[in-house]
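So this block is model20.json, JSON, C-alpha atoms:
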[["chain", "number", "residue", "atom", "x", "y", "z"],
["A", 7, "MET", "CA", 82.89, -101.66, 301.76],
["A", 8, "ASN", "CA", 79.95, -101.12, 299.45],
["A", 9, "PRO", "CA", 78.31, -97.73, 300.21],
["A", 10, "ILE", "CA", 74.84, -99.29, 300.43],
["A", 11, "ASP", "CA", 76.10, -101.82, 302.98],
["A", 12, "TRP", "CA", 77.80, -99.01, 304.91],
["A", 13, "LEU", "CA", 74.62, -96.88, 304.91],
["A", 14, "SER", "CA", 72.63, -99.91, 306.06],
["A", 15, "ILE", "CA", 74.87, -100.15, 309.11],
["A", 16, "LYS", "CA", 75.43, -96.47, 309.86],
["A", 17, "ALA", "CA", 72.42, -94.44, 308.64],
["A", 18, "PRO", "CA", 69.32, -94.60, 310.86],
["A", 19, "GLY", "CA", 66.39, -96.18, 309.04],
["A", 20, "PHE", "CA", 68.27, -96.92, 305.83],
["A", 21, "SER", "CA", 68.36, -100.68, 306.38],
["A", 22, "GLU", "CA", 64.56, -100.66, 306.72],
["A", 23, "LEU", "CA", 63.99, -99.13, 303.29],
["A", 24, "LEU", "CA", 62.63, -101.36, 300.56],
["A", 25, "ILE", "CA", 64.96, -102.01, 297.64],
["A", 26, "GLU", "CA", 62.51, -100.06, 295.46],
["A", 27, "GLU", "CA", 62.81, -97.05, 297.78],
["A", 28, "ARG", "CA", 66.59, -97.14, 297.68],
["A", 29, "GLU", "CA", 66.60, -97.50, 293.90],
["A", 30, "ALA", "CA", 64.15, -94.63, 293.42],
["A", 31, "ILE", "CA", 66.38, -92.36, 295.51],
["A", 32, "LEU", "CA", 69.54, -93.44, 293.71],
["A", 33, "HIS", "CA", 67.86, -92.99, 290.33],
["A", 34, "PHE", "CA", 66.65, -89.56, 291.41],
["A", 35, "SER", "CA", 70.18, -88.50, 292.29],
["A", 36, "LEU", "CA", 71.45, -89.47, 288.86],
["A", 37, "LEU", "CA", 68.49, -88.06, 286.93],
["A", 38, "TRP", "CA", 68.58, -84.78, 288.83],
["A", 39, "SER", "CA", 72.31, -84.37, 288.22],
["A", 40, "PHE", "CA", 71.86, -85.03, 284.49],
["A", 41, "PHE", "CA", 68.83, -82.69, 284.25],
["A", 42, "GLU", "CA", 70.57, -79.86, 286.09],
["A", 43, "ALA", "CA", 73.70, -80.21, 283.96],
["A", 44, "GLU", "CA", 71.91, -80.50, 280.62],
["A", 45, "ALA", "CA", 68.75, -78.40, 280.89],
["A", 46, "LEU", "CA", 69.64, -75.87, 283.59],
["A", 47, "ASN", "CA", 73.29, -75.27, 282.75],
["A", 48, "THR", "CA", 74.32, -76.48, 286.24],
["A", 49, "ASN", "CA", 72.35, -73.63, 287.83],
["A", 50, "ALA", "CA", 69.10, -74.95, 289.30],
["A", 51, "SER", "CA", 66.58, -72.50, 290.71],
["A", 52, "ALA", "CA", 62.91, -71.73, 290.30],
["A", 53, "ASN", "CA", 63.90, -68.89, 287.96],
["A", 54, "THR", "CA", 65.99, -71.12, 285.69],
["A", 55, "ILE", "CA", 63.18, -73.69, 285.65],
["A", 56, "LEU", "CA", 60.67, -70.99, 284.69],
["A", 57, "ALA", "CA", 62.99, -69.73, 281.94],
["A", 58, "LEU", "CA", 63.37, -73.26, 280.59],
["A", 59, "ILE", "CA", 59.61, -73.85, 280.55],
["A", 60, "ARG", "CA", 58.97, -70.49, 278.87],
["A", 61, "GLU", "CA", 61.51, -71.44, 276.19],
["A", 62, "TRP", "CA", 59.74, -74.77, 275.62],
["A", 63, "GLU", "CA", 56.44, -72.91, 275.39],
["A", 64, "ARG", "CA", 57.86, -70.32, 272.97],
["A", 65, "THR", "CA", 59.33, -73.00, 270.70],
["A", 66, "GLY", "CA", 56.24, -75.22, 270.75],
["A", 67, "ARG", "CA", 57.91, -78.11, 272.57],
["A", 68, "LEU", "CA", 55.84, -77.92, 275.76],
["A", 69, "ARG", "CA", 53.22, -80.63, 276.22],
["A", 70, "ILE", "CA", 51.44, -81.27, 279.51],
["A", 71, "GLU", "CA", 50.73, -84.96, 278.83],
["A", 72, "PRO", "CA", 54.16, -86.36, 279.83],
["A", 73, "PHE", "CA", 53.92, -84.48, 283.12],
["A", 74, "ALA", "CA", 50.20, -84.83, 283.92],
["A", 75, "GLU", "CA", 50.31, -87.99, 286.04],
["A", 76, "SER", "CA", 53.12, -86.71, 288.26],
["A", 77, "LEU", "CA", 51.48, -83.31, 288.62],
["A", 78, "ALA", "CA", 48.20, -84.99, 289.63],
["A", 79, "TYR", "CA", 50.07, -87.10, 292.20],
["A", 80, "PHE", "CA", 51.63, -84.04, 293.84],
["A", 81, "GLN", "CA", 48.31, -82.17, 293.74],
["A", 82, "ALA", "CA", 46.73, -85.04, 295.68],
["A", 83, "ARG", "CA", 49.67, -85.21, 298.10],
["A", 84, "TYR", "CA", 49.95, -81.52, 298.86],
["A", 85, "ILE", "CA", 46.35, -80.29, 298.63],
["A", 86, "GLU", "CA", 43.17, -81.44, 300.35],
["A", 87, "ASN", "CA", 39.88, -79.54, 300.07],
["A", 88, "GLU", "CA", 41.71, -76.74, 298.24],
["A", 89, "GLU", "CA", 44.02, -76.24, 301.22],
["A", 90, "PRO", "CA", 47.68, -77.21, 301.60],
["A", 91, "THR", "CA", 48.32, -80.36, 303.63],
["A", 92, "THR", "CA", 51.07, -80.72, 306.21],
["A", 93, "HIS", "CA", 53.17, -82.31, 303.45],
["A", 94, "PHE", "CA", 53.09, -79.00, 301.58],
["A", 95, "ALA", "CA", 54.92, -77.28, 304.44],
["A", 96, "ASP", "CA", 57.49, -80.09, 304.34],
["A", 97, "LEU", "CA", 58.60, -78.89, 300.90],
["A", 98, "HIS", "CA", 60.20, -75.92, 302.69],
["A", 99, "LEU", "CA", 59.45, -73.59, 299.79],
["A", 100, "ARG", "CA", 61.45, -70.39, 300.05],
["A", 101, "ARG", "CA", 60.34, -67.03, 298.69],
["A", 102, "ASN", "CA", 62.48, -67.45, 295.58],
["A", 103, "ASP", "CA", 60.88, -70.89, 294.94],
["A", 104, "LYS", "CA", 57.68, -69.16, 293.75],
["A", 105, "PRO", "CA", 55.45, -70.61, 296.50],
["A", 106, "GLU", "CA", 52.38, -68.72, 295.26],
["A", 107, "LEU", "CA", 52.77, -70.20, 291.77],
["A", 108, "VAL", "CA", 53.23, -73.71, 293.17],
["A", 109, "ARG", "CA", 50.25, -73.36, 295.50],
["A", 110, "ASP", "CA", 47.98, -71.87, 292.81],
["A", 111, "VAL", "CA", 48.80, -74.70, 290.41],
["A", 112, "LEU", "CA", 48.30, -77.35, 293.08],
["A", 113, "ILE", "CA", 44.91, -76.02, 294.22],
["A", 114, "GLY", "CA", 43.78, -75.63, 290.61],
["A", 115, "ALA", "CA", 43.52, -71.83, 290.62],
["A", 116, "ASN", "CA", 46.15, -71.72, 287.86],
["A", 117, "THR", "CA", 45.57, -74.22, 285.04],
["A", 118, "ASN", "CA", 48.14, -72.83, 282.61],
["A", 119, "HIS", "CA", 50.12, -75.82, 281.29],
["A", 120, "ALA", "CA", 53.46, -74.01, 281.37],
["A", 121, "ASP", "CA", 52.89, -72.97, 284.97],
["A", 122, "GLY", "CA", 51.85, -76.54, 285.81],
["A", 123, "VAL", "CA", 55.08, -78.02, 284.45],
["A", 124, "ALA", "CA", 57.10, -75.27, 286.13],
["A", 125, "ALA", "CA", 55.40, -75.90, 289.49],
["A", 126, "LEU", "CA", 56.03, -79.64, 289.14],
["A", 127, "LEU", "CA", 59.73, -79.12, 288.44],
["A", 128, "ILE", "CA", 59.99, -76.63, 291.31],
["A", 129, "ILE", "CA", 58.57, -79.34, 293.58],
["A", 130, "VAL", "CA", 61.21, -81.72, 292.20],
["A", 131, "LEU", "CA", 63.83, -79.05, 292.94],
["A", 132, "ARG", "CA", 62.61, -78.88, 296.54],
["A", 133, "LEU", "CA", 62.74, -82.69, 296.84],
["A", 134, "ARG", "CA", 66.31, -82.44, 295.59],
["A", 135, "ASN", "CA", 67.21, -79.74, 298.11],
["A", 136, "ASN", "CA", 65.51, -81.57, 300.96],
["A", 137, "LEU", "CA", 67.35, -84.79, 300.07],
["A", 138, "PHE", "CA", 70.77, -83.31, 299.38],
["A", 139, "HIS", "CA", 70.70, -80.93, 302.35],
["A", 140, "GLY", "CA", 69.64, -83.62, 304.79],
["A", 141, "VAL", "CA", 66.02, -82.74, 305.60],
["A", 142, "LYS", "CA", 64.77, -86.12, 304.35],
["A", 143, "TRP", "CA", 67.21, -87.94, 306.65],
["A", 144, "ALA", "CA", 65.38, -86.55, 309.68],
["A", 145, "TYR", "CA", 62.90, -89.41, 309.32],
["A", 146, "GLY", "CA", 65.15, -91.98, 307.69],
["A", 147, "ILE", "CA", 63.92, -91.22, 304.15],
["A", 148, "ARG", "CA", 60.90, -93.44, 304.79],
["A", 149, "GLY", "CA", 57.69, -93.12, 302.81],
["A", 150, "GLN", "CA", 59.32, -91.49, 299.80],
["A", 151, "LEU", "CA", 58.88, -94.12, 297.09],
["A", 152, "ALA", "CA", 55.96, -92.43, 295.32],
["A", 153, "ASN", "CA", 57.55, -88.98, 295.67],
["A", 154, "PHE", "CA", 60.80, -90.05, 294.06],
["A", 155, "SER", "CA", 59.09, -92.27, 291.47],
["A", 156, "HIS", "CA", 57.00, -89.33, 290.26],
["A", 157, "ALA", "CA", 59.97, -86.97, 290.46],
["A", 158, "ASN", "CA", 61.94, -89.42, 288.33],
["A", 159, "ALA", "CA", 59.13, -89.61, 285.77],
["A", 160, "ALA", "CA", 58.98, -85.80, 285.64],
["A", 161, "LEU", "CA", 62.75, -85.55, 285.18],
["A", 162, "MET", "CA", 62.75, -88.08, 282.36],
["A", 163, "ALA", "CA", 59.88, -86.22, 280.66],
["A", 164, "ALA", "CA", 61.76, -82.95, 281.08],
["A", 165, "LEU", "CA", 64.94, -84.40, 279.62],
["A", 166, "GLU", "CA", 63.03, -85.78, 276.66],
["A", 167, "THR", "CA", 61.34, -82.42, 276.15],
["A", 168, "TYR", "CA", 64.69, -80.68, 276.41],
["A", 169, "GLY", "CA", 65.87, -82.89, 273.59],
["A", 170, "THR", "CA", 68.95, -84.51, 275.05],
["A", 171, "LEU", "CA", 67.69, -88.01, 274.35]]
Show me, as structure tokens, the structure contained in the file I just sent.
Amino acid sequence: MNPIDWLSIKAPGFSELLIEEREAILHFSLLWSFFEAEALNTNASANTILALIREWERTGRLRIEPFAESLAYFQARYIENEEPTTHFADLHLRRNDKPELVRDVLIGANTNHADGVAALLIIVLRLRNNLFHGVKWAYGIRGQLANFSHANAALMAALETYGTL
């Protein structure tokens, strides 16, 4: 049986997802796997993301423009009136995920471009962890199209910046 057909029967809420939602999640899985293998040497963490961004900054490859729209989206999603929204808590940032950095970038207290790209990719890392460790299944993966679409755009920009394409 086709895995999508099987999930439609067995996984709560999956059959109710739009095709675009399913595709965005599938694309995310592939893009994340490629990004982690190529750019993070199969060792994803906030620290490896920060090291990667610092290397891009040091070598003059870092540009905010390819990441700006996705960063703005997540700022609007996770911050309201300079305070984290309930969605921010849903990221489940751990201490080693640099939550202060992510929060400072999102509220606009830190406007450093390198920190902005790092915070964005740390958010993408958390989306990855929440998807692959089952947190997103708690509500049937509903309402995630924009999250995964922007995560996908950020991953493609990161891979292009990395220079694999």
Open item on the list: Excluding A:Arg83 and its own-chain neighbours fewer than 3 positions away, which residues fall within 8 Å of it when counting only C-alpha atoms? Please give them as a PyMOL selection string.
Closed with: chain A and resi 79-80+86+91+93-94
TODO: Check the smallest atom-to-atom distance from each of A:Ala125, A:Leu97, A:Leu24, A:Leu36 to A:Asp110 using only C-alpha atoms, then report the winner.
DONE: A:Ala125
Open item on the list: Measuring between all atoms listed in the file, which one of A:Ser39, A:Asn116, A:Asn8, A:Ser14 shows the shortest distance to A:Leu165?
Closed with: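 Nearest to A:Leu165: A:Ser39.
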Task: Who sits within 9 Å of A:Arg69, only C-alpha atoms, same chain under 5 positions skipped, as number ranges by chain - done: A: 62-63, 119-120, 123, 167
TODO: Give me the residues within 8 Å of A:Trp38 as JSON, numbers by chain, counting only C-alpha atoms and dropping any in the same chain fewer than 3 places off.
DONE: {"A": [34, 35, 41, 42, 134, 161]}
Task: Closest of A:Glu26, A:Ile15, A:Thr117, A:Asn87 to A:Gly149 - atom-to-atom distances counting only C-alpha atoms - done: A:Glu26
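Proximity ranking of A:Glu27, A:Leu37, A:His156, A:Leu68 relative to A:Asn118 places A:Leu68 first, based on only C-alpha atoms.
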Open item on the list: Please list, as a PyMOL selection string, the residues that have an atom at most 12 Å away from (60.5, -77.2, 287.7) in the coordinates of this file, counting all atoms listed in the file.
Closed with: chain A and resi 38+41-42+45-46+50-60+73+77+103-104+107-108+120-134+157+160-161+163-165
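The gap separating atom CA of A:Ala159 from atom CA of A:Ala17 is 26.9 Å, in Å to one decimal.
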